[in-house]
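Trainee: Dropping in query-v5.txt, with compact mmCIF, C-alpha atoms.
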# COMPACT_ATOMS: atom_id res chain seq x y z
CA MET A 243 -51.22 21.71 33.15
CA SER A 244 -49.70 19.69 30.33
CA VAL A 245 -47.27 21.35 28.00
CA GLN A 246 -49.36 20.40 24.97
CA SER A 247 -52.43 22.13 26.34
CA ALA A 248 -50.57 25.27 27.44
CA LYS A 249 -51.33 28.53 25.70
CA PRO A 250 -48.90 29.47 22.89
CA ASP A 251 -48.25 32.85 24.53
CA ASP A 252 -47.26 31.17 27.80
CA LEU A 253 -44.95 28.70 26.08
CA ILE A 254 -43.21 31.44 24.12
CA GLU A 255 -42.94 33.58 27.24
CA ALA A 256 -41.38 30.68 29.16
CA TYR A 257 -38.98 29.95 26.31
CA VAL A 258 -37.88 33.55 25.86
CA THR A 259 -37.41 33.91 29.62
CA ASP A 260 -35.13 30.86 29.55
CA VAL A 261 -33.08 32.36 26.74
CA MET A 262 -32.90 35.75 28.48
CA LYS A 263 -31.51 34.20 31.67
CA ARG A 264 -28.49 33.10 29.66
CA LEU A 265 -27.81 36.49 28.09
CA PRO A 266 -25.75 39.39 29.43
CA MET A 267 -27.87 41.70 31.59
CA ARG A 268 -27.68 44.71 29.26
CA GLN A 269 -28.96 42.66 26.29
CA ARG A 270 -31.68 40.71 28.03
CA ASN A 271 -34.76 42.84 27.74
CA ASP A 272 -34.14 44.13 24.26
CA VAL A 273 -33.38 40.69 22.82
CA GLY A 274 -36.23 39.10 24.80
CA PHE A 275 -38.74 41.65 23.56
CA GLU A 276 -37.68 41.21 19.95
CA LEU A 277 -37.45 37.43 20.16
CA ARG A 278 -40.92 37.11 21.64
CA ALA A 279 -42.42 39.24 18.86
CA LEU A 280 -40.54 37.30 16.18
CA LEU A 281 -41.57 33.92 17.57
CA MET A 282 -45.20 35.04 17.73
CA GLU A 283 -44.99 36.16 14.12
CA GLU A 284 -43.30 32.90 13.07
CA LEU A 285 -46.02 30.95 14.80
CA SER A 286 -48.81 32.97 13.22
CA GLY A 287 -47.14 32.51 9.82
CA ARG A 288 -46.95 28.76 10.27
CA ALA A 289 -50.55 28.54 11.43
CA ALA A 290 -51.69 30.60 8.42
CA ASP A 291 -49.61 28.48 6.00
CA GLY A 292 -51.02 25.25 7.43
CA GLY A 293 -54.58 26.56 7.79
CA ARG A 294 -54.56 25.69 11.46
CA LEU A 295 -55.34 27.44 14.70
CA LEU A 296 -52.48 28.21 17.07
CA ASP A 297 -52.03 25.50 19.66
CA GLY A 298 -49.53 24.27 22.24
CA ALA A 299 -48.23 21.39 20.12
CA MET A 300 -47.45 23.65 17.17
CA THR A 301 -45.77 26.19 19.46
CA LEU A 302 -43.66 23.53 21.10
CA GLU A 303 -42.62 22.21 17.70
CA LEU A 304 -41.52 25.69 16.66
CA LEU A 305 -39.62 26.34 19.86
CA ARG A 306 -37.84 22.99 19.80
CA ALA A 307 -36.84 23.59 16.19
CA PHE A 308 -35.58 27.03 17.20
CA GLY A 309 -33.09 25.36 19.51
CA HIS A 310 -32.37 24.75 23.16
CA PRO A 311 -32.20 28.05 25.11
CA ASP A 312 -28.53 27.28 25.88
CA ASP A 313 -27.70 27.06 22.17
CA VAL A 314 -29.83 30.04 21.20
CA ALA A 315 -28.28 32.24 23.89
CA ALA A 316 -24.83 31.13 22.76
CA ARG A 317 -25.66 32.25 19.21
CA TYR A 318 -26.51 35.74 20.50
CA HIS A 319 -23.07 36.07 22.05
CA PRO A 320 -20.31 37.46 19.89
CA VAL A 321 -17.66 34.93 18.91
CA GLY A 322 -15.56 34.67 22.02
CA ILE A 323 -11.85 34.23 22.44
CA PRO A 324 -10.95 30.67 23.35
CA VAL A 325 -9.29 30.48 26.75
CA ILE A 326 -7.43 27.36 25.69
CA PRO A 327 -6.56 27.43 21.98
CA ALA A 328 -7.37 24.25 20.06
CA ASN A 329 -3.68 23.44 19.63
CA GLY A 330 -3.14 23.65 23.38
CA THR A 331 -5.97 21.47 24.69
CA ARG A 332 -3.93 18.27 24.58
CA MET A 333 -1.02 19.83 26.45
CA PHE A 334 -3.42 21.40 28.97
CA ALA A 335 -5.09 18.04 29.63
CA TRP A 336 -1.71 16.34 30.06
CA LEU A 337 -0.35 19.01 32.38
CA THR A 338 -3.50 18.81 34.47
CA PHE A 339 -3.45 15.03 34.65
CA VAL A 340 0.28 14.72 35.37
CA GLY A 341 0.20 17.50 38.00
CA ILE A 342 -2.65 15.89 39.92
CA ALA A 343 -1.19 12.38 39.52
CA LEU A 344 2.19 13.49 40.91
CA GLN A 345 0.61 15.11 43.96
CA TRP A 346 -1.52 12.07 44.63
CA ALA A 347 1.48 9.81 44.14
CA VAL A 348 3.15 11.65 47.03
CA SER A 349 0.17 12.19 49.34
CA LEU A 350 -1.56 8.81 48.92
CA PRO A 351 1.30 6.57 50.11
CA THR A 352 1.84 8.88 53.09
CA ALA A 353 -1.85 8.60 53.98
CA ILE A 354 -1.83 4.82 53.58
CA GLY A 355 1.34 4.57 55.65
CA SER A 356 -0.15 6.67 58.45
CA GLY A 357 -2.11 3.63 59.61
CA GLU A 358 -5.12 5.73 60.59
CA PRO A 359 -8.45 3.89 60.35
CA ASN A 360 -10.12 6.68 58.37
CA TRP A 361 -7.16 7.49 56.13
CA VAL A 362 -9.28 7.53 52.95
CA GLY A 363 -11.50 10.35 54.19
CA ARG A 364 -8.62 12.28 55.67
CA TRP A 365 -6.54 11.93 52.52
CA TRP A 366 -9.45 12.94 50.27
CA LEU A 367 -10.15 16.08 52.32
CA THR A 368 -6.47 17.08 52.41
CA GLY A 369 -4.14 15.81 49.68
CA GLY A 370 -6.90 14.42 47.45
CA LEU A 371 -9.02 17.51 46.92
CA GLY A 372 -6.09 19.77 47.73
CA ALA A 373 -4.35 18.68 44.53
CA LEU A 374 -7.05 20.42 42.55
CA TRP A 375 -5.32 23.77 43.12
CA TRP A 376 -3.18 22.76 40.15
CA PRO A 377 -5.90 22.75 37.43
CA GLY A 378 -7.23 25.96 39.01
CA LEU A 379 -3.82 27.59 38.61
CA LEU A 380 -3.53 26.32 35.02
CA VAL A 381 -6.97 27.73 34.12
CA THR A 382 -6.09 31.08 35.71
CA LEU A 383 -2.79 31.25 33.81
CA THR A 384 -4.46 30.34 30.50
CA MET A 385 -7.09 33.02 31.13
CA ILE A 386 -4.36 35.59 31.72
CA ALA A 387 -2.63 34.38 28.55
CA ALA A 388 -5.91 34.66 26.60
CA PHE A 389 -6.39 38.20 27.91
CA ILE A 390 -2.86 39.14 26.84
CA ARG A 391 -3.44 37.60 23.39
CA GLN A 392 -6.63 39.62 23.03
CA ARG A 393 -5.20 42.86 24.38
CA TRP A 394 -1.88 42.68 22.55
CA PRO A 395 -2.37 40.38 19.58
CA ALA A 396 0.67 38.94 17.83
CA LYS A 397 1.74 41.20 14.98
CA GLY A 398 1.97 38.41 12.45
CA GLU A 399 5.74 38.15 12.61
CA ALA A 400 7.25 35.97 9.94
CA TRP A 401 8.19 32.48 11.00
CA SER A 402 11.87 31.95 11.75
CA PRO A 403 13.37 28.49 11.71
CA LYS A 404 14.75 27.15 14.96
CA LEU A 405 17.76 25.26 13.76
CA VAL A 406 19.23 23.25 16.59
CA ASP A 407 22.68 21.76 16.16
CA ARG A 408 22.27 18.66 18.31
CA GLY A 409 25.93 17.79 18.01
CA TYR A 410 27.16 21.16 19.27
CA VAL A 411 29.35 21.11 22.37
CA ASN A 412 29.97 24.17 24.51
CA ARG A 413 33.68 23.62 25.00
CA PRO A 414 34.28 26.04 27.91
CA LEU A 415 31.30 24.59 29.77
CA PHE A 416 32.39 21.03 29.12
CA LEU A 417 35.91 21.88 30.21
CA LEU A 418 34.55 23.38 33.40
CA GLY A 419 32.49 20.21 33.94
CA LEU A 420 35.59 18.08 33.40
CA VAL A 421 37.60 20.11 35.92
CA ALA A 422 34.74 19.89 38.44
CA ALA A 423 34.46 16.13 37.89
CA LEU A 424 38.22 15.65 38.37
CA ALA A 425 38.13 17.78 41.53
CA GLY A 426 35.17 15.74 42.87
CA ILE A 427 36.89 12.45 42.12
CA GLY A 428 40.11 13.71 43.69
CA LEU A 429 38.24 14.76 46.82
CA TRP A 430 36.43 11.43 47.03
CA VAL A 431 39.61 9.41 46.56
CA ALA A 432 41.51 11.57 49.06
CA LEU A 433 38.72 11.20 51.60
CA ALA A 434 38.61 7.44 51.13
CA TRP A 435 42.40 7.19 51.40
CA TRP A 436 42.53 9.42 54.46
CA ALA A 437 39.64 7.66 56.26
CA THR A 438 41.23 4.27 55.57
CA THR A 439 44.79 5.10 56.52
CA THR A 440 44.32 7.49 59.44
CA THR A 441 44.99 6.12 62.87
CA ALA A 442 43.37 9.04 64.67
CA ASP A 443 39.98 8.19 66.19
CA THR A 444 38.33 11.49 65.34
CA PRO A 445 34.58 11.97 64.68
CA LEU A 446 35.37 12.94 61.06
CA ALA A 447 37.30 9.73 60.50
CA ARG A 448 34.45 7.67 61.97
CA VAL A 449 31.86 9.47 59.82
CA PHE A 450 33.75 8.95 56.57
CA ALA A 451 35.06 5.46 57.20
CA PHE A 452 34.25 3.28 54.18
CA GLU A 453 33.25 -0.37 54.45
CA ALA A 454 36.19 -2.60 53.63
CA ASP A 455 34.04 -4.69 51.29
CA PHE A 456 33.03 -1.55 49.36
CA LEU A 457 36.65 -0.45 48.96
CA ALA A 458 37.71 -3.91 47.85
CA THR A 459 35.03 -4.73 45.30
CA ARG A 460 32.78 -1.79 44.35
CA ALA A 461 35.10 1.22 44.61
CA PRO A 462 37.47 -0.01 41.83
CA VAL A 463 34.48 -0.38 39.48
CA VAL A 464 33.39 3.16 40.31
CA LEU A 465 36.89 4.44 39.59
CA LEU A 466 36.97 2.56 36.27
CA TYR A 467 33.60 4.02 35.33
CA TRP A 468 34.79 7.51 36.16
CA ALA A 469 37.98 7.00 34.16
CA ILE A 470 36.01 5.94 31.05
CA ASN A 471 33.71 8.95 31.48
CA ILE A 472 36.65 11.33 31.72
CA VAL A 473 38.17 9.86 28.56
CA LEU A 474 34.83 10.28 26.77
CA MET A 475 34.54 13.90 27.94
CA GLY A 476 38.08 14.55 26.77
CA VAL A 477 37.33 13.10 23.33
CA VAL A 478 34.13 15.13 22.99
CA ILE A 479 35.91 18.34 24.04
CA SER A 480 38.78 17.76 21.64
CA GLU A 481 36.42 16.99 18.74
CA GLY A 482 34.22 19.92 19.62
CA ARG A 483 30.96 18.05 18.98
CA TRP A 484 29.07 14.86 19.62
CA ARG A 485 29.31 12.16 17.00
CA ARG A 486 27.06 9.13 16.59
CA LEU A 487 29.65 6.86 18.25
CA THR A 488 30.33 9.14 21.22
CA ARG A 489 26.58 9.57 21.72
CA ARG A 490 26.06 5.84 21.78
CA ILE A 491 28.93 5.39 24.22
CA ASP A 492 27.40 8.12 26.41
CA VAL A 493 24.01 6.37 26.42
CA GLY A 494 25.70 3.06 27.20
CA LEU A 495 27.67 4.63 30.05
CA LYS A 496 24.52 6.11 31.54
CA LEU A 497 22.83 2.73 31.47
CA ALA A 498 25.94 1.19 33.00
CA CYS A 499 25.89 3.91 35.67
CA CYS A 500 22.36 2.95 36.72
CA ILE A 501 23.26 -0.72 36.90
CA MET A 502 26.44 0.07 38.85
CA LEU A 503 24.60 2.32 41.32
CA ALA A 504 21.93 -0.35 41.86
CA TRP A 505 24.68 -2.92 42.43
CA ILE A 506 26.40 -0.64 44.97
CA LEU A 507 23.11 -0.13 46.79
CA PHE A 508 22.17 -3.80 46.97
CA SER A 509 25.62 -5.18 47.81
CA GLY A 510 25.85 -3.86 51.34
CA ASN A 511 26.76 -0.65 53.13
CA VAL A 512 29.05 1.97 51.63
CA PHE A 513 29.99 3.69 54.91
CA VAL A 514 30.59 2.07 58.26
CA ALA A 515 28.62 4.68 60.21
CA GLU A 516 24.87 4.30 59.76
CA THR A 517 24.44 8.09 60.07
CA THR A 518 26.52 8.52 56.90
CA ASN A 519 25.36 5.40 55.08
CA GLY A 520 21.64 6.30 55.33
CA PRO A 521 21.94 9.64 53.50
CA ALA A 522 24.43 8.08 51.04
CA VAL A 523 21.84 5.44 50.10
CA GLY A 524 19.25 8.21 49.59
CA ILE A 525 21.65 10.21 47.41
CA LEU A 526 22.57 7.17 45.31
CA SER A 527 18.87 6.29 44.82
CA LEU A 528 18.16 9.86 43.73
CA LEU A 529 21.13 9.70 41.39
CA ILE A 530 19.65 6.63 39.66
CA VAL A 531 16.40 8.54 39.09
CA VAL A 532 18.28 11.60 37.76
CA VAL A 533 20.47 9.54 35.41
CA LEU A 534 17.44 7.60 34.12
CA ALA A 535 15.53 10.85 33.57
CA ASP A 536 18.51 12.35 31.73
CA LEU A 537 18.83 9.21 29.63
CA GLY A 538 15.11 9.23 28.80
CA TRP A 539 15.28 12.91 27.86
CA LYS A 540 18.32 12.39 25.63
CA LEU A 541 16.71 9.43 23.85
CA TRP A 542 13.44 11.36 23.42
CA ARG A 543 15.23 14.43 22.07
CA GLY A 544 17.38 12.40 19.75
CA ARG A 545 14.51 10.48 18.17
CA LYS A 546 13.60 11.05 14.54
CA GLN A 547 11.07 13.87 14.24
CA ILE A 548 9.78 12.74 10.88
CA TYR A 549 9.86 9.08 9.96
CA VAL A 550 8.70 7.12 6.98
CA PRO A 551 5.13 5.81 7.43
CA LYS A 552 4.90 2.03 7.62
CA ASP A 553 2.99 1.61 4.36
CA VAL A 554 5.52 3.77 2.47
CA ALA A 555 8.42 1.83 3.97
CA ALA A 556 6.72 -1.44 2.98
CA GLN A 557 6.48 -0.28 -0.65
CA HIS A 558 10.22 0.40 -0.63
CA GLY A 559 10.93 -3.04 0.79
CA GLY A 560 12.37 -1.54 3.96
CA ARG A 561 14.97 0.49 2.01
CA PRO A 562 15.39 4.12 3.01
CA CYS A 563 13.29 6.45 0.86
CA MET B 255 -18.64 6.23 16.05
CA ALA B 256 -17.76 7.34 12.54
CA ASP B 257 -20.20 9.55 10.65
CA THR B 258 -22.25 7.92 7.90
CA PRO B 259 -21.76 9.26 4.35
CA ASP B 260 -25.11 11.04 4.70
CA ASP B 261 -23.97 12.73 7.93
CA VAL B 262 -20.73 13.83 6.31
CA SER B 263 -22.61 15.15 3.30
CA ALA B 264 -25.07 17.06 5.50
CA LYS B 265 -22.25 18.55 7.58
CA LEU B 266 -20.26 19.65 4.57
CA GLU B 267 -23.31 21.21 2.96
CA GLN B 268 -24.07 22.99 6.23
CA GLU B 269 -20.51 24.34 6.32
CA LEU B 270 -20.83 25.52 2.73
CA ARG B 271 -24.07 27.33 3.52
CA ARG B 272 -22.70 28.76 6.76
CA GLY B 273 -20.03 30.53 4.77
CA ILE B 274 -22.55 32.42 2.66
CA ILE B 275 -25.25 33.18 5.23
CA VAL B 276 -23.70 36.54 6.12
CA LEU B 277 -23.48 37.64 2.50
CA ALA B 278 -27.03 36.47 1.80
CA THR B 279 -28.31 38.34 4.85
CA LEU B 280 -26.43 41.54 4.03
CA SER B 281 -27.75 41.41 0.46
CA GLN B 282 -31.31 41.70 1.71
CA LEU B 283 -30.62 44.49 4.17
CA ARG B 284 -29.99 47.24 1.66
CA GLN B 285 -33.62 47.99 2.49
CA PRO B 286 -34.75 47.95 6.14
CA GLN B 287 -36.16 44.59 7.18
CA TYR B 288 -37.19 43.06 10.48
CA GLY B 289 -36.31 39.49 11.39
CA TYR B 290 -39.39 37.70 10.14
CA SER B 291 -39.72 39.69 6.92
CA LEU B 292 -36.03 39.13 6.19
CA ARG B 293 -36.41 35.38 6.65
CA GLN B 294 -39.40 35.38 4.33
CA ALA B 295 -37.51 37.44 1.74
CA LEU B 296 -34.56 35.06 1.82
CA ALA B 297 -36.83 31.99 1.68
CA ALA B 298 -38.72 33.46 -1.28
CA ARG B 299 -35.39 33.56 -3.15
CA GLY B 300 -34.59 29.98 -2.25
CA MET B 301 -32.24 30.75 0.66
CA SER B 302 -34.01 29.31 3.68
CA ILE B 303 -32.19 30.12 6.91
CA GLU B 304 -33.42 28.69 10.18
CA GLU B 305 -34.89 31.32 12.46
CA GLY B 306 -32.70 30.13 15.31
CA THR B 307 -29.69 30.99 13.19
CA LEU B 308 -30.88 34.18 11.52
CA TYR B 309 -32.21 36.17 14.46
CA PRO B 310 -29.10 35.89 16.64
CA LEU B 311 -26.98 36.57 13.55
CA LEU B 312 -28.68 39.95 13.08
CA ARG B 313 -27.72 40.93 16.60
CA ARG B 314 -24.15 39.78 16.13
CA LEU B 315 -23.79 41.70 12.88
CA GLU B 316 -25.20 44.75 14.59
CA SER B 317 -22.73 44.43 17.47
CA GLN B 318 -19.94 44.26 14.88
CA GLY B 319 -21.10 47.56 13.44
CA LEU B 320 -22.29 46.10 10.12
CA LEU B 321 -25.99 46.76 10.71
CA ALA B 322 -27.97 49.62 12.17
CA SER B 323 -31.32 48.99 13.80
CA GLU B 324 -34.32 50.80 15.23
CA TRP B 325 -37.67 49.92 16.74
CA ARG B 326 -40.67 50.86 14.62
CA ILE B 327 -44.34 50.69 15.40
CA GLU B 328 -46.41 50.44 12.23
CA ASP B 329 -49.28 48.05 11.58
CA GLY B 330 -48.75 45.41 14.24
CA PRO B 331 -46.47 44.91 17.20
CA PRO B 332 -43.25 46.88 17.65
CA ARG B 333 -40.58 45.51 15.30
CA ARG B 334 -36.87 46.00 15.19
CA TYR B 335 -35.77 46.95 11.67
CA TYR B 336 -32.23 46.29 10.50
CA THR B 337 -30.40 47.89 7.62
CA LEU B 338 -26.80 48.07 6.41
CA SER B 339 -24.63 50.61 8.21
CA PRO B 340 -22.01 52.50 6.16
CA HIS B 341 -19.42 49.99 7.33
CA GLY B 342 -21.81 47.17 6.41
CA GLU B 343 -22.26 48.60 2.91
CA THR B 344 -18.50 48.67 2.36
CA LEU B 345 -18.14 45.14 3.62
CA PHE B 346 -21.07 43.97 1.51
CA ALA B 347 -19.43 45.40 -1.62
CA SER B 348 -16.14 43.74 -0.73
CA LEU B 349 -17.76 40.37 0.07
CA THR B 350 -19.77 40.51 -3.15
CA GLN B 351 -16.60 40.99 -5.15
CA SER B 352 -14.89 38.12 -3.35
CA TRP B 353 -17.93 35.91 -3.85
CA ARG B 354 -18.07 36.58 -7.59
CA GLY B 355 -14.37 35.83 -7.89
CA LEU B 356 -14.75 32.60 -5.95
CA VAL B 357 -17.77 31.48 -7.95
CA GLY B 358 -15.83 31.99 -11.17
CA ILE B 359 -12.84 30.05 -9.88
CA VAL B 360 -14.84 27.18 -8.44
CA ASP B 361 -17.03 26.97 -11.55
CA GLY B 362 -13.87 26.73 -13.62
CA LEU B 363 -12.51 23.97 -11.39
CA ILE B 364 -15.75 22.01 -11.49
CA ASP B 365 -16.12 22.40 -15.26
CA ASP B 366 -12.54 21.23 -15.85
CA GLU B 367 -13.11 18.16 -13.74
CA HIS B 368 -16.41 17.51 -15.51
CA SER B 369 -14.77 17.76 -18.95
CA ASN B 370 -11.91 15.47 -17.91
CA ARG B 371 -14.34 12.83 -16.73
CA LYS B 372 -16.32 13.06 -19.96
CA ARG B 373 -13.14 12.65 -21.98
CA ALA B 374 -12.14 9.66 -19.89
CA VAL B 375 -15.51 7.97 -20.49
CA THR B 376 -15.45 8.53 -24.25
I'd like the structure from this file rewritten - as structure tokens, please.

Mentor:
Amino acid sequence: MSVQSAKPDDLIEAYVTDVMKRLPMRQRNDVGFELRALLMEELSGRAADGGRLLDGAMTLELLRAFGHPDDVAARYHPVGIPVIPANGTRMFAWLTFVGIALQWAVSLPTAIGSGEPNWVGRWWLTGGLGALWWPGLLVTLTMIAAFIRQRWPAKGEAWSPKLVDRGYVNRPLFLLGLVAALAGIGLWVALAWWATTTTADTPLARVFAFEADFLATRAPVVLLYWAINIVLMGVVISEGRWRRLTRRIDVGLKLACCIMLAWILFSGNVFVAETTNGPAVGILSLLIVVVLADLGWKLWRGRKQIYVPKDVAAQHGGRPC
Amino acid sequence: MADTPDDVSAKLEQELRRGIIVLATLSQLRQPQYGYSLRQALAARGMSIEEGTLYPLLRRLESQGLLASEWRIEDGPPRRYYTLSPHGETLFASLTQSWRGLVGIVDGLIDDEHSNRKRAVT
């Protein structure tokens, strides 16, 4: 049976049934009963206005104008509470994407490196699909947050400014850091001196024996770098805050640190014993990542929050507004 | 793809109307009405509201406690009649006051702009 030739009653019945399926159970029958009667009345009204007899085409036209059952059912629902507020959708999407990407970045190389012939299928069924726990967790947490917002709405507290003094230095903490750094350097130097000068063939001496080439060329650079850092820390502590110059020196030193660590790594072994050198290489590599991340974070945090739009700057001939 | 000027105009007009649908509906429910008769009453006064918008709206207003309803069987099929609840009457009075205030303000704004333009032309 074609839709056009179907009876108006049947079309309306089918339409209302479709709407009802999308409604909460307790509302279904009541809304369906009313909607069917109203649609019949609308249809009769239209037929009377147009001087026509009721037919399938006219009914279909009415129902399509009324809206898709999905949309109509949605209109019957009270205005819901958004699980993810509009101002959080971007962050939610980023967190989801980054979380999945990080997991895949770890699991995919492992799967490729396994050398198994069917690694794609195995990876997809384990690490691939498995990473989707992350968006599930995020959705669950946002649902809990939405429930809390609904149950205990914010009491419209007045906004308070969050004034951050970016130049502030916690002197006791910095002093503690300086003492720890000096102790670490002292320990390292003492260990190097002891391992180099000792004549005893003990396991400890073998484990911590430094490569002669490292001690001759790279170690002095490391010591110089540490010395400059300690001077910088001392200046910052004595001034009690970061200044533009000390910040720039700090950024420069961090960049220099990465270059120096890379140079140490690629210029040969640090320790004589492979059992010590292997972990040392791993630690130094990790240190490069940490320093780069810290540098990136500092640069990101220190950027201008509000800057002059290009067209405004152009009107001022590049002069500050 | 960017909206055409006609699309933008239609959307803005729709938003403008959406804001007053509730008030228009409440205004006609001081007397009991059922869905179809309400739509006809609104249309007769120049306020056509699509049936797909109006009928669900009645239910939503009822669930918010602004309308009371009952099934009646008179001449014809059973019909659900809606009327303002006490809470709905209070809200209607408050919305009416707000609406009149807004109309006055917006009229003033539009008239000022109109006069300024006229002065600029002459």

Trainee: If we count all atoms listed in the file, what is near Asn519 in chain A at a cut-off of 12 Å, once residues fewer than 2 positions away on the same chain are taken out, given as a ChimeraX atom specification?

Mentor: /A:448-453,456,506-507,510-517,521-526

Trainee: Using the selection just defined, write its residues with C-alpha atoms as a compact mmCIF listing (two decimals), in the frame of the given file.

Mentor:
# COMPACT_ATOMS: atom_id res chain seq x y z
CA ARG A 448 34.45 7.67 61.97
CA VAL A 449 31.86 9.47 59.82
CA PHE A 450 33.75 8.95 56.57
CA ALA A 451 35.06 5.46 57.20
CA PHE A 452 34.25 3.28 54.18
CA GLU A 453 33.25 -0.37 54.45
CA PHE A 456 33.03 -1.55 49.36
CA ILE A 506 26.40 -0.64 44.97
CA LEU A 507 23.11 -0.13 46.79
CA GLY A 510 25.85 -3.86 51.34
CA ASN A 511 26.76 -0.65 53.13
CA VAL A 512 29.05 1.97 51.63
CA PHE A 513 29.99 3.69 54.91
CA VAL A 514 30.59 2.07 58.26
CA ALA A 515 28.62 4.68 60.21
CA GLU A 516 24.87 4.30 59.76
CA THR A 517 24.44 8.09 60.07
CA PRO A 521 21.94 9.64 53.50
CA ALA A 522 24.43 8.08 51.04
CA VAL A 523 21.84 5.44 50.10
CA GLY A 524 19.25 8.21 49.59
CA ILE A 525 21.65 10.21 47.41
CA LEU A 526 22.57 7.17 45.31

Trainee: Give me, as a PyMOL selection string, the contact residues of chain B against chain A at a cut-off of 9 Å, counting all atoms listed in the file.

Mentor: chain B and resi 288-290+304-307+309-315+317-318+331-334

Trainee: When you draw a straight line from CA of Leu495 in chain A to CA of Ile530 in chain A, how long is it in Å?

Mentor: 12.7 Å

Trainee: How many Å separate CA of Leu433 in chain A from CA of Leu528 in chain A?

Mentor: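 Straight-line distance from CA of Leu433 in chain A to CA of Leu528 in chain A works out to 22.1 Å.
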
Trainee: Around (-25.3, 48.5, 12.7) in the file's own coordinates, what residues are found within 8 Å if you use all atoms listed in the file, given back as a PyMOL selection string?

Mentor: chain B and resi 315-323+336-339+342

Trainee: What is the CA of Gly330 in chain A to CA of Ala400 in chain A distance in Å?

Mentor: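 If I compute the distance from CA of Gly330 in chain A to CA of Ala400 in chain A, I get 21.0 Å.
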
Trainee: For Gln287 in chain B, which residue among B:Tyr335, B:Gly330, B:Arg271, B:Trp325 is the nearest when counting all atoms listed in the file?

Mentor: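 Once distances to Gln287 in chain B are computed over all atoms listed in the file, the minimum belongs to B:Tyr335.
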
Trainee: Could the centre and edge lengths of an axis-aligned box, enclosing all atoms of range 304-317 of chain A in the file with 3 Å extra on each side, be given in Å to one decimal as lines of an AutoDock Vina configuration file?

Mentor:
center_x = -33.2
center_y = 27.6
center_z = 21.0
size_x = 22.7
size_y = 15.3
size_z = 15.7

Trainee: Range 540-545 of chain A: which residues within 10 Å, counting only C-alpha atoms, same-chain residues fewer than 4 positions away excluded, as a PyMOL selection string?

Mentor: chain A and resi 408+489+493+534-536+549

Trainee: Please complete range 255-267 of chain B so it has N, CA and C atoms, and hand it over as a PDB file, keeping the file's coordinate frame.

Mentor:
ATOM      1  N   MET B 255     -18.126   6.912  17.245  1.00  0.00           N
ATOM      2  CA  MET B 255     -18.640   6.230  16.050  1.00  0.00           C
ATOM      3  C   MET B 255     -18.450   7.136  14.837  1.00  0.00           C
ATOM      4  N   ALA B 256     -18.016   6.540  13.743  1.00  0.00           N
ATOM      5  CA  ALA B 256     -17.760   7.340  12.540  1.00  0.00           C
ATOM      6  C   ALA B 256     -19.071   7.832  11.929  1.00  0.00           C
ATOM      7  N   ASP B 257     -19.005   9.001  11.305  1.00  0.00           N
ATOM      8  CA  ASP B 257     -20.200   9.550  10.650  1.00  0.00           C
ATOM      9  C   ASP B 257     -20.536   8.720   9.415  1.00  0.00           C
ATOM     10  N   THR B 258     -21.830   8.605   9.125  1.00  0.00           N
ATOM     11  CA  THR B 258     -22.250   7.920   7.900  1.00  0.00           C
ATOM     12  C   THR B 258     -22.001   8.883   6.738  1.00  0.00           C
ATOM     13  N   PRO B 259     -21.950   8.355   5.495  1.00  0.00           N
ATOM     14  CA  PRO B 259     -21.760   9.260   4.350  1.00  0.00           C
ATOM     15  C   PRO B 259     -22.820  10.361   4.307  1.00  0.00           C
ATOM     16  N   ASP B 260     -24.052  10.021   4.714  1.00  0.00           N
ATOM     17  CA  ASP B 260     -25.110  11.040   4.700  1.00  0.00           C
ATOM     18  C   ASP B 260     -24.810  12.148   5.715  1.00  0.00           C
ATOM     19  N   ASP B 261     -24.310  11.736   6.892  1.00  0.00           N
ATOM     20  CA  ASP B 261     -23.970  12.730   7.930  1.00  0.00           C
ATOM     21  C   ASP B 261     -22.869  13.651   7.418  1.00  0.00           C
ATOM     22  N   VAL B 262     -21.860  13.045   6.816  1.00  0.00           N
ATOM     23  CA  VAL B 262     -20.730  13.830   6.310  1.00  0.00           C
ATOM     24  C   VAL B 262     -21.226  14.818   5.267  1.00  0.00           C
ATOM     25  N   SER B 263     -22.083  14.299   4.363  1.00  0.00           N
ATOM     26  CA  SER B 263     -22.610  15.150   3.300  1.00  0.00           C
ATOM     27  C   SER B 263     -23.398  16.324   3.884  1.00  0.00           C
ATOM     28  N   ALA B 264     -24.249  16.004   4.885  1.00  0.00           N
ATOM     29  CA  ALA B 264     -25.070  17.060   5.500  1.00  0.00           C
ATOM     30  C   ALA B 264     -24.187  18.102   6.184  1.00  0.00           C
ATOM     31  N   LYS B 265     -23.139  17.623   6.870  1.00  0.00           N
ATOM     32  CA  LYS B 265     -22.250  18.550   7.580  1.00  0.00           C
ATOM     33  C   LYS B 265     -21.505  19.458   6.613  1.00  0.00           C
ATOM     34  N   LEU B 266     -21.023  18.848   5.530  1.00  0.00           N
ATOM     35  CA  LEU B 266     -20.260  19.650   4.570  1.00  0.00           C
ATOM     36  C   LEU B 266     -21.156  20.684   3.887  1.00  0.00           C
ATOM     37  N   GLU B 267     -22.390  20.264   3.596  1.00  0.00           N
ATOM     38  CA  GLU B 267     -23.310  21.210   2.960  1.00  0.00           C
ATOM     39  C   GLU B 267     -23.642  22.344   3.929  1.00  0.00           C
TER      40      GLU B 267
END
